[in-house]
$ cat data03.pdb   # PDB, C-alpha atoms and all ligand atoms
MODEL        1
ATOM      1  CA  MET V1127     -25.566 -99.982  98.932
ATOM      2  CA  PRO V1128     -25.913 -96.258  98.197
ATOM      3  CA  TYR V1129     -24.973 -95.002  94.751
ATOM      4  CA  CYS V1130     -23.437 -91.770  93.523
ATOM      5  CA  LEU V1131     -25.950 -89.196  92.289
ATOM      6  CA  GLN V1132     -23.394 -87.953  89.761
ATOM      7  CA  CYS V1133     -21.989 -91.107  88.126
ATOM      8  CA  GLY V1134     -24.122 -93.977  89.517
ATOM      9  CA  LYS V1135     -21.192 -95.958  90.942
ATOM     10  CA  PRO V1136     -21.150 -97.184  94.583
ATOM     11  CA  ALA V1137     -20.597 -94.551  97.292
ATOM     12  CA  THR V1138     -19.533 -95.044 100.912
ATOM     13  CA  HIS V1139     -19.828 -93.113 104.182
ATOM     14  CA  THR V1140     -16.481 -91.609 105.104
ATOM     15  CA  ILE V1141     -14.969 -88.379 106.440
ATOM     16  CA  PRO V1142     -13.552 -86.440 103.491
ATOM     17  CA  GLN V1143     -10.073 -84.961 103.898
ATOM     18  CA  GLY V1144     -10.219 -81.617 105.708
ATOM     19  CA  ASP V1145     -13.792 -82.290 106.917
ATOM     20  CA  SER V1146     -14.990 -83.255 110.404
ATOM     21  CA  ARG V1147     -18.217 -85.097 109.541
ATOM     22  CA  GLU V1148     -19.020 -88.333 107.803
ATOM     23  CA  ARG V1149     -20.400 -87.830 104.279
ATOM     24  CA  LEU V1150     -21.530 -90.123 101.504
ATOM     25  CA  VAL V1151     -18.554 -90.041  99.116
ATOM     26  CA  CYS V1152     -18.313 -91.624  95.676
ATOM     27  CA  SER V1153     -15.376 -94.032  95.487
ATOM     28  CA  SER V1154     -15.251 -93.597  91.717
ATOM     29  CA  CYS V1155     -15.612 -89.884  90.878
ATOM     30  CA  GLY V1156     -15.085 -88.481  94.392
ATOM     31  CA  TYR V1157     -18.394 -86.597  94.517
ATOM     32  CA  ILE V1158     -19.354 -85.643  98.087
ATOM     33  CA  HIS V1159     -23.094 -85.802  98.844
ATOM     34  CA  TYR V1160     -23.594 -82.995 101.362
ATOM     35  CA  GLU V1161     -26.873 -83.160 103.273
ATOM     36  CA  ASN V1162     -28.049 -79.914 104.838
ATOM     37  CA  PRO V1163     -31.164 -78.887 106.767
ATOM     38  CA  LYS V1164     -34.365 -78.327 104.842
ATOM     39  CA  MET V1165     -36.524 -75.235 105.084
ATOM     40  CA  ILE V1166     -40.272 -75.520 105.679
ATOM     41  CA  CYS V1167     -42.485 -72.430 105.220
ATOM     42  CA  GLY V1168     -46.067 -72.015 106.290
ATOM     43  CA  ALA V1169     -48.816 -69.588 107.211
ATOM     44  CA  LEU V1170     -51.170 -69.037 110.107
ATOM     45  CA  ALA V1171     -53.845 -67.383 107.973
ATOM     46  CA  ILE V1172     -56.612 -65.583 109.815
ATOM     47  CA  HIS V1173     -60.052 -64.365 108.774
ATOM     48  CA  GLN V1174     -62.436 -62.639 111.204
ATOM     49  CA  GLY V1175     -60.930 -64.309 114.268
ATOM     50  CA  LYS V1176     -60.806 -67.736 112.679
ATOM     51  CA  ILE V1177     -57.715 -69.752 111.697
ATOM     52  CA  LEU V1178     -57.307 -71.634 108.417
ATOM     53  CA  LEU V1179     -56.497 -75.319 108.956
ATOM     54  CA  CYS V1180     -56.045 -78.202 106.524
ATOM     55  CA  ARG V1181     -56.519 -81.922 107.187
ATOM     56  CA  ARG V1182     -53.595 -83.752 105.632
ATOM     57  CA  ALA V1183     -54.189 -86.084 102.666
ATOM     58  CA  ILE V1184     -50.523 -87.152 102.673
ATOM     59  CA  GLU V1185     -48.055 -88.831 105.011
ATOM     60  CA  PRO V1186     -46.608 -88.104 107.458
ATOM     61  CA  ARG V1187     -49.517 -87.460 109.839
ATOM     62  CA  TYR V1188     -52.236 -88.364 107.331
ATOM     63  CA  GLY V1189     -55.676 -87.223 108.564
ATOM     64  CA  TYR V1190     -54.350 -84.744 111.135
ATOM     65  CA  TRP V1191     -55.045 -81.013 111.013
ATOM     66  CA  THR V1192     -52.233 -78.610 110.222
ATOM     67  CA  LEU V1193     -51.441 -75.093 109.102
ATOM     68  CA  PRO V1194     -50.619 -74.933 105.386
ATOM     69  CA  ALA V1195     -46.847 -75.468 105.176
ATOM     70  CA  GLY V1196     -44.265 -77.320 103.133
ATOM     71  CA  PHE V1197     -40.779 -77.437 101.682
ATOM     72  CA  MET V1198     -39.426 -74.214 100.261
ATOM     73  CA  GLU V1199     -38.526 -74.251  96.549
ATOM     74  CA  ILE V1200     -35.376 -72.877  94.895
ATOM     75  CA  GLY V1201     -36.049 -69.401  93.481
ATOM     76  CA  GLU V1202     -38.649 -68.267  96.011
ATOM     77  CA  THR V1203     -38.453 -66.329  99.257
ATOM     78  CA  MET V1204     -39.719 -67.805 102.536
ATOM     79  CA  ALA V1205     -42.821 -65.595 102.358
ATOM     80  CA  GLU V1206     -43.476 -66.676  98.767
ATOM     81  CA  GLY V1207     -43.149 -70.291  99.914
ATOM     82  CA  ALA V1208     -45.720 -69.698 102.674
ATOM     83  CA  LYS V1209     -48.107 -68.077 100.161
ATOM     84  CA  ARG V1210     -47.655 -70.917  97.673
ATOM     85  CA  GLU V1211     -48.306 -73.575 100.315
ATOM     86  CA  THR V1212     -51.493 -71.781 101.387
ATOM     87  CA  TRP V1213     -52.632 -71.849  97.785
ATOM     88  CA  GLU V1214     -51.610 -75.470  97.150
ATOM     89  CA  GLU V1215     -53.103 -76.897 100.341
ATOM     90  CA  ALA V1216     -56.174 -74.700 100.783
ATOM     91  CA  ASP V1217     -56.803 -72.792  97.523
ATOM     92  CA  GLY V1218     -56.516 -69.625  99.609
ATOM     93  CA  THR V1219     -54.526 -66.413  99.155
ATOM     94  CA  ALA V1220     -52.372 -65.337 102.119
ATOM     95  CA  ILE V1221     -51.769 -61.567 102.321
ATOM     96  CA  ASN V1222     -50.033 -59.177 104.777
ATOM     97  CA  LEU V1223     -47.466 -61.822 105.688
ATOM     98  CA  LYS V1224     -45.314 -61.240 108.770
ATOM     99  CA  LEU V1225     -42.678 -63.727 109.983
ATOM    100  CA  TYR V1226     -43.881 -65.043 113.341
ATOM    101  CA  THR V1227     -42.289 -68.334 114.474
ATOM    102  CA  LEU V1228     -38.891 -69.709 113.507
ATOM    103  CA  PHE V1229     -38.180 -73.224 114.780
ATOM    104  CA  ASP V1230     -34.782 -74.886 114.760
ATOM    105  CA  LEU V1231     -35.210 -78.674 114.656
ATOM    106  CA  PRO V1232     -31.603 -79.889 114.692
ATOM    107  CA  GLN V1233     -32.444 -83.585 115.093
ATOM    108  CA  TRP V1234     -34.824 -83.477 112.140
ATOM    109  CA  GLY V1235     -32.486 -81.392 109.998
ATOM    110  CA  GLN V1236     -35.246 -78.861 109.444
ATOM    111  CA  ILE V1237     -36.111 -75.212 110.013
ATOM    112  CA  HIS V1238     -39.791 -74.234 110.120
ATOM    113  CA  ALA V1239     -40.710 -70.602 109.389
ATOM    114  CA  ILE V1240     -44.373 -69.713 109.911
ATOM    115  CA  TYR V1241     -45.932 -66.382 108.983
ATOM    116  CA  LEU V1242     -48.956 -64.593 110.333
ATOM    117  CA  ALA V1243     -51.228 -63.668 107.416
ATOM    118  CA  ASN V1244     -54.721 -62.648 106.493
ATOM    119  CA  LEU V1245     -56.763 -64.976 104.309
ATOM    120  CA  GLN V1246     -57.908 -62.763 101.446
ATOM    121  CA  ASP V1247     -61.728 -62.392 101.409
ATOM    122  CA  GLY V1248     -61.904 -65.436 103.726
ATOM    123  CA  ALA V1249     -61.929 -67.526 100.554
ATOM    124  CA  PHE V1250     -60.541 -71.046 100.435
ATOM    125  CA  GLY V1251     -61.189 -74.462  98.929
ATOM    126  CA  VAL V1252     -59.513 -77.833  99.305
ATOM    127  CA  GLY V1253     -56.036 -78.272  97.846
ATOM    128  CA  SER V1254     -54.772 -81.538  96.403
ATOM    129  CA  GLU V1255     -52.713 -82.343  99.525
ATOM    130  CA  SER V1256     -55.717 -81.874 101.860
ATOM    131  CA  LEU V1257     -58.748 -84.011 102.722
ATOM    132  CA  GLU V1258     -60.640 -80.912 103.865
ATOM    133  CA  CYS V1259     -59.931 -77.319 104.899
ATOM    134  CA  GLY V1260     -61.740 -74.984 107.235
ATOM    135  CA  LEU V1261     -61.746 -71.760 109.244
ATOM    136  CA  PHE V1262     -61.892 -72.427 112.989
ATOM    137  CA  TYR V1263     -62.360 -70.339 116.096
ATOM    138  CA  PRO V1264     -59.620 -71.081 118.661
ATOM    139  CA  ASP V1265     -61.941 -73.080 120.939
ATOM    140  CA  GLU V1266     -62.923 -75.307 118.002
ATOM    141  CA  ILE V1267     -59.337 -76.506 117.470
ATOM    142  CA  ASP V1268     -58.262 -79.832 118.998
ATOM    143  CA  MET V1269     -54.874 -78.566 120.166
ATOM    144  CA  GLU V1270     -53.648 -81.990 121.352
ATOM    145  CA  ASN V1271     -54.186 -83.662 117.984
ATOM    146  CA  LEU V1272     -52.544 -81.339 115.502
ATOM    147  CA  ALA V1273     -50.145 -82.776 112.928
ATOM    148  CA  PHE V1274     -46.930 -81.181 114.195
ATOM    149  CA  GLU V1275     -45.514 -79.691 117.389
ATOM    150  CA  THR V1276     -44.415 -76.546 115.513
ATOM    151  CA  VAL V1277     -48.006 -76.023 114.347
ATOM    152  CA  ARG V1278     -49.350 -76.449 117.884
ATOM    153  CA  GLN V1279     -46.791 -74.051 119.354
ATOM    154  CA  THR V1280     -47.414 -71.446 116.660
ATOM    155  CA  ILE V1281     -51.183 -71.430 117.304
ATOM    156  CA  GLU V1282     -50.671 -71.379 121.092
ATOM    157  CA  ARG V1283     -48.226 -68.500 120.896
ATOM    158  CA  TYR V1284     -50.519 -66.571 118.570
ATOM    159  CA  LEU V1285     -53.503 -66.945 120.931
ATOM    160  CA  ALA V1286     -51.375 -65.919 123.949
ATOM    161  CA  ASP V1287     -49.925 -62.888 122.129
ATOM    162  CA  LYS V1288     -53.372 -61.870 120.876
ATOM    163  CA  GLU V1289     -54.828 -62.028 124.396
ATOM    164  CA  ARG V1290     -51.896 -60.037 125.806
ATOM    165  CA  LEU V1291     -52.287 -57.326 123.127
ATOM    166  CA  GLU V1292     -56.022 -57.056 123.787
ATOM    167  CA  LYS V1293     -55.382 -56.685 127.538
ATOM    168  CA  LEU V1294     -52.936 -53.881 126.757
ATOM    169  CA  GLY V1295     -55.506 -52.197 124.524
ATOM    170  CA  LYS V1296     -53.324 -52.678 121.411
ATOM    171  CA  ASP V1297     -54.566 -53.590 117.950
ATOM    172  CA  SER V1298     -54.390 -57.399 117.804
ATOM    173  CA  GLU V1299     -55.173 -57.372 114.082
ATOM    174  CA  ASP V1300     -51.982 -55.454 113.271
ATOM    175  CA  PHE V1301     -49.265 -58.082 112.812
ATOM    176  CA  ASN V1302     -46.573 -55.469 113.507
ATOM    177  CA  ASN V1303     -47.604 -55.713 117.179
ATOM    178  CA  TYR V1304     -46.573 -59.379 117.324
ATOM    179  CA  PRO V1305     -43.036 -60.449 118.291
ATOM    180  CA  LEU V1306     -40.906 -62.945 116.387
ATOM    181  CA  HIS V1307     -40.566 -66.221 118.302
ATOM    182  CA  ASP V1308     -37.189 -67.860 117.737
ATOM    183  CA  VAL V1309     -37.463 -71.381 119.174
ATOM    184  CA  CYS V1310     -35.206 -74.445 119.298
ATOM    185  CA  LEU V1311     -36.984 -77.793 119.719
ATOM    186  CA  GLY V1312     -34.787 -80.671 120.839
ATOM    187  CA  ASN V1313     -31.102 -80.771 121.705
ATOM    188  CA  THR V1314     -28.318 -79.319 119.628
TER     189      THR V1314
HETATM  190 ZN    ZN V1401     -19.533 -90.704  91.406
ENDMDL
END
$ encode --input "data03.pdb" --output "structure tokens" --more "lines below"
Ligand SMILES: [Zn+2]
Amino acid sequence: MPYCLQCGKPATHTIPQGDSRERLVCSSCGYIHYENPKMICGALAIHQGKILLCRRAIEPRYGYWTLPAGFMEIGETMAEGAKRETWEEADGTAINLKLYTLFDLPQWGQIHAIYLANLQDGAFGVGSESLECGLFYPDEIDMENLAFETVRQTIERYLADKERLEKLGKDSEDFNNYPLHDVCLGNT
């Protein structure tokens, strides 16, 4: 039995008047518990051709490698969230952030926003949510065993864009040369 977050009395799933979706509604005080998608921010932080990865010390996907990323907090911007996650998970400072991939995950109720960034001075440690962290050349990354599909796609797209820019003779270290990838994973 779910309980009301406001008054603690029992709440039930019902469609409120004037609404079109089922919500958890308190039968005592009438409070409607709206649930909306959550925002996840992260960074693909680069240093001298290598990518910063963290091995997760938390569920889900414990032990798998990921880009530093996590839930956005109230009061910060998406870029600030990406910087904070890089610090919390890898003790590294992300600079020159540029929004790169934006994933709609309607079935998960999530949006993932991942920034390209430089890892300041190439310095990092191991954050409390990581088992280990490291800088990896692309061919050192096990692309089939990353923690999340959005992480895999972001790295793949980055490597493809980088190669395309280099073929065109453009500066692949200037993030302004990279497009924004707006991707929907799963059905709406
Ligand atoms: Zn209530």
$ closest_residue --input "data03.pdb" --among "V:Leu1131, V:Cys1259, V:Leu1291, V:Ile1177" --to "Ala1243 of chain V" --atoms "all atoms listed in the file"
V:Ile1177
$ resolve_selection --input "data03.pdb" --expression "the PyMOL selection byres (((chain V and resi 1199-1216) around 10) and not hetatm)" --output "JSON, numbers by chain"
{"V": [1165, 1166, 1167, 1168, 1169, 1170, 1171, 1178, 1179, 1180, 1181, 1182, 1183, 1193, 1194, 1195, 1196, 1197, 1198, 1217, 1218, 1219, 1220, 1221, 1222, 1223, 1224, 1225, 1238, 1239, 1240, 1241, 1242, 1243, 1245, 1249, 1250, 1251, 1252, 1253, 1254, 1255, 1256, 1257, 1258, 1259, 1260]}
$ resolve_selection --input "data03.pdb" --expression "the PyMOL selection byres (((chain V and resi 1135) around 12) and not hetatm)" --output "PyMOL selection string"
chain V and resi 1127-1134+1136-1138+1151-1157
$ write_last_selection --input "data03.pdb" --atoms "C-alpha atoms" --output "PDB file, in the coordinates of the input"
ATOM      1  CA  MET V1127     -25.566 -99.982  98.932  1.00  0.00           C
ATOM      2  CA  PRO V1128     -25.913 -96.258  98.197  1.00  0.00           C
ATOM      3  CA  TYR V1129     -24.973 -95.002  94.751  1.00  0.00           C
ATOM      4  CA  CYS V1130     -23.437 -91.770  93.523  1.00  0.00           C
ATOM      5  CA  LEU V1131     -25.950 -89.196  92.289  1.00  0.00           C
ATOM      6  CA  GLN V1132     -23.394 -87.953  89.761  1.00  0.00           C
ATOM      7  CA  CYS V1133     -21.989 -91.107  88.126  1.00  0.00           C
ATOM      8  CA  GLY V1134     -24.122 -93.977  89.517  1.00  0.00           C
ATOM      9  CA  PRO V1136     -21.150 -97.184  94.583  1.00  0.00           C
ATOM     10  CA  ALA V1137     -20.597 -94.551  97.292  1.00  0.00           C
ATOM     11  CA  THR V1138     -19.533 -95.044 100.912  1.00  0.00           C
ATOM     12  CA  VAL V1151     -18.554 -90.041  99.116  1.00  0.00           C
ATOM     13  CA  CYS V1152     -18.313 -91.624  95.676  1.00  0.00           C
ATOM     14  CA  SER V1153     -15.376 -94.032  95.487  1.00  0.00           C
ATOM     15  CA  SER V1154     -15.251 -93.597  91.717  1.00  0.00           C
ATOM     16  CA  CYS V1155     -15.612 -89.884  90.878  1.00  0.00           C
ATOM     17  CA  GLY V1156     -15.085 -88.481  94.392  1.00  0.00           C
ATOM     18  CA  TYR V1157     -18.394 -86.597  94.517  1.00  0.00           C
TER      19      TYR V1157
END
$ closest_residue --input "data03.pdb" --among "V:Arg1147, V:Phe1301, V:Ile1158, V:Gly1189" --to "ligand ZN 1401 (chain V)" --atoms "all atoms listed in the file"
V:Ile1158
$ closest_atom_pairs --input "data03.pdb" --of "segment 1153-1221 of chain V" --to "segment 1265-1276 of chain V" --cutoff "8 Å" --atoms "all atoms listed in the file" --output "JSON lines"
{"residue": "V:Arg1187", "atom": "CA", "partner": "V:Ala1273", "partner_atom": "CA", "distance": 5.6}
{"residue": "V:Tyr1190", "atom": "CA", "partner": "V:Ala1273", "partner_atom": "CA", "distance": 5.0}
{"residue": "V:Trp1191", "atom": "CA", "partner": "V:Leu1272", "partner_atom": "CA", "distance": 5.1}
{"residue": "V:Thr1192", "atom": "CA", "partner": "V:Ala1273", "partner_atom": "CA", "distance": 5.4}
$ resolve_selection --input "data03.pdb" --expression "the PyMOL selection byres (((chain V and resi 1141) around 12) and not hetatm)" --output "PDB file with C-alpha atoms, in the frame of the given file"
ATOM      1  CA  THR V1138     -19.533 -95.044 100.912  1.00  0.00           C
ATOM      2  CA  HIS V1139     -19.828 -93.113 104.182  1.00  0.00           C
ATOM      3  CA  THR V1140     -16.481 -91.609 105.104  1.00  0.00           C
ATOM      4  CA  PRO V1142     -13.552 -86.440 103.491  1.00  0.00           C
ATOM      5  CA  GLN V1143     -10.073 -84.961 103.898  1.00  0.00           C
ATOM      6  CA  GLY V1144     -10.219 -81.617 105.708  1.00  0.00           C
ATOM      7  CA  ASP V1145     -13.792 -82.290 106.917  1.00  0.00           C
ATOM      8  CA  SER V1146     -14.990 -83.255 110.404  1.00  0.00           C
ATOM      9  CA  ARG V1147     -18.217 -85.097 109.541  1.00  0.00           C
ATOM     10  CA  GLU V1148     -19.020 -88.333 107.803  1.00  0.00           C
ATOM     11  CA  ARG V1149     -20.400 -87.830 104.279  1.00  0.00           C
ATOM     12  CA  LEU V1150     -21.530 -90.123 101.504  1.00  0.00           C
ATOM     13  CA  VAL V1151     -18.554 -90.041  99.116  1.00  0.00           C
ATOM     14  CA  CYS V1152     -18.313 -91.624  95.676  1.00  0.00           C
ATOM     15  CA  ILE V1158     -19.354 -85.643  98.087  1.00  0.00           C
ATOM     16  CA  HIS V1159     -23.094 -85.802  98.844  1.00  0.00           C
ATOM     17  CA  TYR V1160     -23.594 -82.995 101.362  1.00  0.00           C
TER      18      TYR V1160
END
